[in-house]
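Trainee: Dropping the structure in here first, questions after.
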Amino acid sequence: MVEPPLRHPWRLKFTAQVGKGLLSQKGLGSIFFLKRRKGVEGGGGRLGTSCPFLAFPFSITPKAKDQQQTPSPVEVTPLPEANADAINFLRSLSLEELQMLFFSETLTIISDTGEPQGEMTIEVQRGKYKDELGIMSHCVFVHAFSRGFLDKTLSGNSLLGYISETLEIMEQHSQEFIKLLILPMERKISLLKQDEQMVMRRSIKEGEEVKTGTSSFPWNAMEGFISEAANLVLLRVMAWRQTVPNQARFLALDSDGKLCHCTYEALGFQTMQVGRQQAEVFIIEQMVHSVEGIPMACQFYLLSDGHLAKRVQVGSPGCCIISKIPVLREKDEIEPPPQFEKKPLVWEEDQELFSRFQERKEELRLSHTRYLCQHPEAHALIADFLLFLLLRQPQDVVTFAAEHFGPFAWDRPPSPGLRSSHRPSPFRSLDDVHDSEEDSPAP
């Protein structure tokens with residue numbers, strides 16, 4: 001299990017726009033609204049989100065005197081479910097395909113007037129994750145951050161996520177902040193799989209006041225769920241495949257932190273001008289269908305290898321755009337190994353092989369001749385055997401040879417004369433035959 005975001009000095013790079021109580025967050029493609037209670041000037045305000053990618057359950061547990069209040073009963077409604085097209089699309093992913101999508105990219109955040117306001121970086125790579133049981137496994141590591149200034153106000157956010165090869169969430173941490181002079185705000189959210197539940201822990205700090213909350217969803221109801229980190233990888237997959245499952249209905253969290261459906265739609269191709277270069281982009285629109293609010297839409301302009309060229313939040317001024325077209329990655333084409341026809345080897349026609357054969361043949365002939373000269377008894381034994389073989393002409397030559405050469409065995413005892421009528425096989429000793437007869441059961 002990784003440590004929460006506060007324990008790491010993450011860099012946060014994004015931009016924000018503050019005006020009349022509105023915080024326009026473009027980092028990671030999000031729009032945050034500063035909802036007034038009594039106005040920012042009066043020290044009120046609450047940091048919420050209308051972006052489907054950074055929407056989590058907003059379950060606040062007040063402290064002090066608020067904890068004494070009796071909570072109102074909550075009506076339990078059935079949770080939505082992802083359809084088969086969405087689940088099958090996620091199951092079709094493989095590590096080999098995701099490896100082509102492991103890279104880092106940086107986009108410039110610009111205002112509606114075209115002025116650069118900040119920077120956004122997204123990094124996806126292969127990593128390792130240790131669960132609560134201490135088991136280490138491979139995963140997809142996603143790190144995104146943004147930071148910027150507008151109207152002399154610093155704001156930013158960051159995202160750190162661990163997901164499986166099928167984009168199933170393992171752990172995720174996100175952080176958002178806005179450094180207002182009167183009422184600085186900060187929000188931290190953690191998602192973690194724990195005891196067959198997806199647990200969300202949330203902390204919101206408004207000035208000196210800190211509120212925390214915890215909520216959970218049953219893990220068996222989260223199949224097809226797309227988290228913030230999973231969404232960044234899923235968009236790259238769709239761009240790489242140049243296809244979008246239009247009929248698929250995934251799961252996501254809306255701005256109120258409720259589980260809802262999320263769909264993707266292909267809007268076609270378009271030629272995009274980046275500096276002095278042009279590139280064809282594949283446009284995908286993501287729609288988060290909120291349970292009670294209005295649907296939230298976001299359009300992504302993606303290059304053929306998954307690089308994000310432009311991102312537009314519907315209803316938000318400004319956008320994120322690349323400043324230079326990167327070198328596009330292409331799938332490595334593995335050429336089939338060359339096929340060579342098997343030709344018959346005619347060694348008699350090969351001079352080298354035939355020469356080696358003749359040399360080996362002569363070497364063996366000389367070795368055999370030398371051995372027989374050194375052991376004349378071998379010639380005598382063979383001649384004696386052939387003489388008896390031709391005189392008796394037995395039907396079973398192998399048995400005759402075993403009987404002929406059997407007495408020459410040094411470890412074979414001589415056969416008693418009384419057992420001549422019970423002639424055993426020359427391949428077995430009489431003792432073995434006697435033992436087998438004693439072990440056999442009586443009739």
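Residues in the structure tokens are numbered from 1 in each chain, the chains being A, B, ... in the order shown, and ligands are numbered from 1 in the order shown.
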Could you write out, as JSON, numbers by chain, all the residues of region 187-419 of chain A that DSSP marks as strand (DSSP E)?

Mentor: {"A": [187, 188, 189, 190, 191, 192, 193, 194, 197, 198, 199, 200, 201, 202, 203, 204, 205, 206, 209, 210, 211, 212, 213, 214, 215, 216, 217, 218, 250, 251, 252, 253, 259, 260, 261, 262, 263, 264, 265, 266, 267, 268, 269, 270, 271, 272, 273, 274, 277, 278, 279, 280, 281, 282, 283, 284, 285, 286, 287, 288, 289, 296, 297, 298, 299, 300, 301, 302, 308, 309, 310, 311, 312, 313, 319, 320, 321]}

Trainee: Just the selected residues (C-alpha atoms), exported as a PDB file, in the first residue's frame, please.

Mentor:
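What ended up in out-v1.pdb:
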ATOM      1  CA  ARG A 187      -9.341  18.919  -0.826  1.00  0.00           C
ATOM      2  CA  LYS A 188      -7.784  15.459  -0.640  1.00  0.00           C
ATOM      3  CA  ILE A 189      -9.487  12.284  -1.780  1.00  0.00           C
ATOM      4  CA  SER A 190      -8.305   8.677  -1.562  1.00  0.00           C
ATOM      5  CA  LEU A 191      -9.811   5.578  -3.147  1.00  0.00           C
ATOM      6  CA  LEU A 192      -8.741   2.156  -1.949  1.00  0.00           C
ATOM      7  CA  LYS A 193      -9.915  -1.420  -2.357  1.00  0.00           C
ATOM      8  CA  GLN A 194     -10.348  -2.808   1.132  1.00  0.00           C
ATOM      9  CA  GLN A 197     -15.267  -2.556  -0.645  1.00  0.00           C
ATOM     10  CA  MET A 198     -14.118   0.499  -2.538  1.00  0.00           C
ATOM     11  CA  VAL A 199     -13.477   2.912   0.298  1.00  0.00           C
ATOM     12  CA  MET A 200     -13.299   6.649  -0.286  1.00  0.00           C
ATOM     13  CA  ARG A 201     -11.727   8.957   2.302  1.00  0.00           C
ATOM     14  CA  ARG A 202     -12.142  12.648   1.826  1.00  0.00           C
ATOM     15  CA  SER A 203     -10.722  15.694   3.583  1.00  0.00           C
ATOM     16  CA  ILE A 204     -11.728  19.281   2.879  1.00  0.00           C
ATOM     17  CA  LYS A 205      -9.938  22.216   4.426  1.00  0.00           C
ATOM     18  CA  GLU A 206     -11.489  25.697   4.283  1.00  0.00           C
ATOM     19  CA  GLU A 209     -11.606  24.336   9.364  1.00  0.00           C
ATOM     20  CA  VAL A 210     -11.085  20.716   8.341  1.00  0.00           C
ATOM     21  CA  LYS A 211     -13.870  18.302   7.517  1.00  0.00           C
ATOM     22  CA  THR A 212     -13.427  14.623   6.791  1.00  0.00           C
ATOM     23  CA  GLY A 213     -15.725  11.946   5.478  1.00  0.00           C
ATOM     24  CA  THR A 214     -15.695   8.287   4.504  1.00  0.00           C
ATOM     25  CA  SER A 215     -17.983   6.334   2.218  1.00  0.00           C
ATOM     26  CA  SER A 216     -17.796   2.997   0.449  1.00  0.00           C
ATOM     27  CA  PHE A 217     -19.255   0.979  -2.397  1.00  0.00           C
ATOM     28  CA  PRO A 218     -19.551  -2.815  -2.594  1.00  0.00           C
ATOM     29  CA  PHE A 250     -19.282   2.253 -18.007  1.00  0.00           C
ATOM     30  CA  LEU A 251     -19.561   3.398 -14.409  1.00  0.00           C
ATOM     31  CA  ALA A 252     -18.235   6.653 -12.960  1.00  0.00           C
ATOM     32  CA  LEU A 253     -18.869   9.056 -10.100  1.00  0.00           C
ATOM     33  CA  LEU A 259     -22.371   6.102  -8.961  1.00  0.00           C
ATOM     34  CA  CYS A 260     -23.727   6.726 -12.457  1.00  0.00           C
ATOM     35  CA  HIS A 261     -23.245   5.692 -16.064  1.00  0.00           C
ATOM     36  CA  CYS A 262     -20.440   7.004 -18.250  1.00  0.00           C
ATOM     37  CA  THR A 263     -20.380   6.744 -22.050  1.00  0.00           C
ATOM     38  CA  TYR A 264     -17.886   7.503 -24.802  1.00  0.00           C
ATOM     39  CA  GLU A 265     -18.696   8.586 -28.344  1.00  0.00           C
ATOM     40  CA  ALA A 266     -16.468   8.978 -31.401  1.00  0.00           C
ATOM     41  CA  LEU A 267     -16.921  12.369 -33.082  1.00  0.00           C
ATOM     42  CA  GLY A 268     -14.758  11.548 -36.081  1.00  0.00           C
ATOM     43  CA  PHE A 269     -11.407  12.790 -37.353  1.00  0.00           C
ATOM     44  CA  GLN A 270     -10.156  16.328 -37.795  1.00  0.00           C
ATOM     45  CA  THR A 271      -6.990  18.016 -39.022  1.00  0.00           C
ATOM     46  CA  MET A 272      -5.470  20.089 -36.242  1.00  0.00           C
ATOM     47  CA  GLN A 273      -2.934  22.903 -36.625  1.00  0.00           C
ATOM     48  CA  VAL A 274      -0.162  22.908 -33.999  1.00  0.00           C
ATOM     49  CA  GLN A 277       2.583  21.460 -38.218  1.00  0.00           C
ATOM     50  CA  GLN A 278      -0.655  19.695 -38.954  1.00  0.00           C
ATOM     51  CA  ALA A 279      -1.844  16.390 -37.555  1.00  0.00           C
ATOM     52  CA  GLU A 280      -4.946  14.279 -37.812  1.00  0.00           C
ATOM     53  CA  VAL A 281      -6.678  13.801 -34.473  1.00  0.00           C
ATOM     54  CA  PHE A 282      -9.353  11.391 -33.328  1.00  0.00           C
ATOM     55  CA  ILE A 283     -12.058  13.141 -31.299  1.00  0.00           C
ATOM     56  CA  ILE A 284     -13.717  11.333 -28.406  1.00  0.00           C
ATOM     57  CA  GLU A 285     -16.433  12.780 -26.203  1.00  0.00           C
ATOM     58  CA  GLN A 286     -16.971  11.457 -22.714  1.00  0.00           C
ATOM     59  CA  MET A 287     -20.347  11.954 -21.094  1.00  0.00           C
ATOM     60  CA  VAL A 288     -21.057  11.357 -17.418  1.00  0.00           C
ATOM     61  CA  HIS A 289     -24.781  10.967 -16.884  1.00  0.00           C
ATOM     62  CA  MET A 296     -21.135  16.533 -17.960  1.00  0.00           C
ATOM     63  CA  ALA A 297     -19.290  16.332 -21.279  1.00  0.00           C
ATOM     64  CA  CYS A 298     -15.623  16.600 -22.182  1.00  0.00           C
ATOM     65  CA  GLN A 299     -13.969  16.299 -25.598  1.00  0.00           C
ATOM     66  CA  PHE A 300     -10.521  14.832 -26.159  1.00  0.00           C
ATOM     67  CA  TYR A 301      -8.477  15.305 -29.353  1.00  0.00           C
ATOM     68  CA  LEU A 302      -6.061  12.388 -29.559  1.00  0.00           C
ATOM     69  CA  LEU A 308      -3.486  13.995 -26.043  1.00  0.00           C
ATOM     70  CA  ALA A 309      -3.385  16.940 -28.443  1.00  0.00           C
ATOM     71  CA  LYS A 310      -6.236  18.980 -27.029  1.00  0.00           C
ATOM     72  CA  ARG A 311      -8.817  18.810 -24.291  1.00  0.00           C
ATOM     73  CA  VAL A 312     -11.977  20.892 -24.035  1.00  0.00           C
ATOM     74  CA  GLN A 313     -14.370  20.857 -21.091  1.00  0.00           C
ATOM     75  CA  CYS A 319      -8.542  24.485 -22.974  1.00  0.00           C
ATOM     76  CA  CYS A 320      -5.399  22.355 -22.805  1.00  0.00           C
ATOM     77  CA  ILE A 321      -3.330  21.978 -25.949  1.00  0.00           C
TER      78      ILE A 321
END

Trainee: Enumerate as a ChimeraX atom specification all residues of region 226-381 of chain A assigned to alpha helix (DSSP H) by DSSP on the backbone, naming them with the chain letters and numbers the document uses.

Mentor: /A:228-241,351-374,376-381

Trainee: State, in Å with one decimal place, the distance from CA of Gln358 (chain A) to CA of Leu345 (chain A).

Mentor: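 It comes out at 17.1 Å.
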
Trainee: Provide the CA of Asn83 (chain A) to CA of Gln242 (chain A) distance in Å, to one decimal place.

Mentor: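 Between CA of Asn83 (chain A) and CA of Gln242 (chain A) the gap works out to 21.3 Å.
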
Trainee: Report as a list in words all protein, DNA and RNA residues lying within 8 Å of region 122-132 of chain A, evaluated on only C-alpha atoms, omitting residues in the same chain fewer than 6 positions from it.

Mentor: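 Returned residues: Met1, Val2, Gln99, Leu101, Phe102, Phe103, Ser104, Glu105, Thr106, His138, Cys139, Val140, Phe141, Val142, His143, Ala144, Phe145, Tyr162 and Val233 of chain A.
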
Trainee: Would you output that residue set with N, CA and C atoms, as a PDB file, in the first residue's frame?

Mentor:
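Contents of selection05.pdb, freshly written:
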ATOM      1  N   MET A   1       0.854  -1.188   0.000  1.00  0.00           N
ATOM      2  CA  MET A   1       0.000   0.000   0.000  1.00  0.00           C
ATOM      3  C   MET A   1       0.886   1.232   0.000  1.00  0.00           C
ATOM      4  N   VAL A   2       0.555   2.186  -0.850  1.00  0.00           N
ATOM      5  CA  VAL A   2       1.356   3.405  -0.934  1.00  0.00           C
ATOM      6  C   VAL A   2       0.893   4.402   0.114  1.00  0.00           C
ATOM      7  N   GLN A  99       1.641  -1.564 -23.023  1.00  0.00           N
ATOM      8  CA  GLN A  99       3.046  -1.170 -23.037  1.00  0.00           C
ATOM      9  C   GLN A  99       3.344  -0.133 -24.111  1.00  0.00           C
ATOM     10  N   LEU A 101       1.507   2.297 -24.667  1.00  0.00           N
ATOM     11  CA  LEU A 101       0.902   3.539 -24.207  1.00  0.00           C
ATOM     12  C   LEU A 101       1.599   4.099 -22.974  1.00  0.00           C
ATOM     13  N   PHE A 102       2.748   3.550 -22.626  1.00  0.00           N
ATOM     14  CA  PHE A 102       3.503   4.028 -21.471  1.00  0.00           C
ATOM     15  C   PHE A 102       4.426   5.162 -21.910  1.00  0.00           C
ATOM     16  N   PHE A 103       4.019   6.382 -21.659  1.00  0.00           N
ATOM     17  CA  PHE A 103       4.845   7.549 -21.984  1.00  0.00           C
ATOM     18  C   PHE A 103       4.325   8.739 -21.191  1.00  0.00           C
ATOM     19  N   SER A 104       5.087   9.811 -21.217  1.00  0.00           N
ATOM     20  CA  SER A 104       4.736  11.046 -20.521  1.00  0.00           C
ATOM     21  C   SER A 104       4.472  12.137 -21.553  1.00  0.00           C
ATOM     22  N   GLU A 105       3.527  13.019 -21.239  1.00  0.00           N
ATOM     23  CA  GLU A 105       3.193  14.113 -22.152  1.00  0.00           C
ATOM     24  C   GLU A 105       2.878  15.367 -21.354  1.00  0.00           C
ATOM     25  N   THR A 106       3.117  16.511 -21.964  1.00  0.00           N
ATOM     26  CA  THR A 106       2.881  17.799 -21.315  1.00  0.00           C
ATOM     27  C   THR A 106       2.071  18.695 -22.243  1.00  0.00           C
ATOM     28  N   HIS A 138       2.354  -6.530 -10.424  1.00  0.00           N
ATOM     29  CA  HIS A 138       2.546  -5.520 -11.472  1.00  0.00           C
ATOM     30  C   HIS A 138       1.250  -4.745 -11.680  1.00  0.00           C
ATOM     31  N   CYS A 139       1.396  -3.490 -12.069  1.00  0.00           N
ATOM     32  CA  CYS A 139       0.230  -2.644 -12.266  1.00  0.00           C
ATOM     33  C   CYS A 139       0.573  -1.553 -13.276  1.00  0.00           C
ATOM     34  N   VAL A 140      -0.421  -0.729 -13.573  1.00  0.00           N
ATOM     35  CA  VAL A 140      -0.237   0.464 -14.404  1.00  0.00           C
ATOM     36  C   VAL A 140      -0.229   1.670 -13.468  1.00  0.00           C
ATOM     37  N   PHE A 141       0.843   2.434 -13.523  1.00  0.00           N
ATOM     38  CA  PHE A 141       1.023   3.588 -12.644  1.00  0.00           C
ATOM     39  C   PHE A 141       0.698   4.863 -13.425  1.00  0.00           C
ATOM     40  N   VAL A 142      -0.182   5.687 -12.871  1.00  0.00           N
ATOM     41  CA  VAL A 142      -0.619   6.927 -13.515  1.00  0.00           C
ATOM     42  C   VAL A 142      -0.313   8.094 -12.571  1.00  0.00           C
ATOM     43  N   HIS A 143       0.379   9.082 -13.091  1.00  0.00           N
ATOM     44  CA  HIS A 143       0.711  10.279 -12.314  1.00  0.00           C
ATOM     45  C   HIS A 143       0.427  11.492 -13.189  1.00  0.00           C
ATOM     46  N   ALA A 144      -0.450  12.358 -12.723  1.00  0.00           N
ATOM     47  CA  ALA A 144      -0.803  13.565 -13.468  1.00  0.00           C
ATOM     48  C   ALA A 144      -0.825  14.746 -12.501  1.00  0.00           C
ATOM     49  N   PHE A 145      -0.386  15.883 -12.976  1.00  0.00           N
ATOM     50  CA  PHE A 145      -0.373  17.071 -12.125  1.00  0.00           C
ATOM     51  C   PHE A 145      -0.413  18.316 -12.994  1.00  0.00           C
ATOM     52  N   TYR A 162      -2.990   3.714  -9.070  1.00  0.00           N
ATOM     53  CA  TYR A 162      -2.495   2.379  -9.381  1.00  0.00           C
ATOM     54  C   TYR A 162      -3.687   1.563  -9.878  1.00  0.00           C
ATOM     55  N   VAL A 233      -5.932   6.349 -19.175  1.00  0.00           N
ATOM     56  CA  VAL A 233      -5.399   5.212 -19.930  1.00  0.00           C
ATOM     57  C   VAL A 233      -6.402   4.732 -20.958  1.00  0.00           C
TER      58      VAL A 233
END

Trainee: Nearest to Ser158 (chain A): which of A:Asp112, A:Glu96, A:Glu228, A:Glu403 is it, counting only C-alpha atoms?

Mentor: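 Of A:Asp112, A:Glu96, A:Glu228, A:Glu403, the one nearest Ser158 (chain A), counting only C-alpha atoms, is A:Glu228.
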
Trainee: Hey, can you check how far CA of Phe177 (chain A) sits from CA of Ile109 (chain A)?

Mentor: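 These atoms are spaced 17.0 Å apart.
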
Trainee: With only C-alpha atoms as the basis for distance, which of A:Leu181, A:Pro317, A:Glu97, A:Pro80 is at the shortest distance from Phe225 (chain A)?

Mentor: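 Closest to Phe225 (chain A) of all the choices is A:Pro80.
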
Trainee: Ranking A:Asp85, A:Glu208, A:Glu359, A:Glu352 by minimum distance to Leu183 (chain A) and counting only C-alpha atoms, which one comes first?

Mentor: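 Using only C-alpha atoms, the shortest distance to Leu183 (chain A) belongs to A:Glu208.
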
Trainee: Pick out the closest residue to Ile322 (chain A) from this set: A:Ala84, A:Glu119, A:Thr369, A:Leu107. Count only C-alpha atoms.

Mentor: A:Leu107
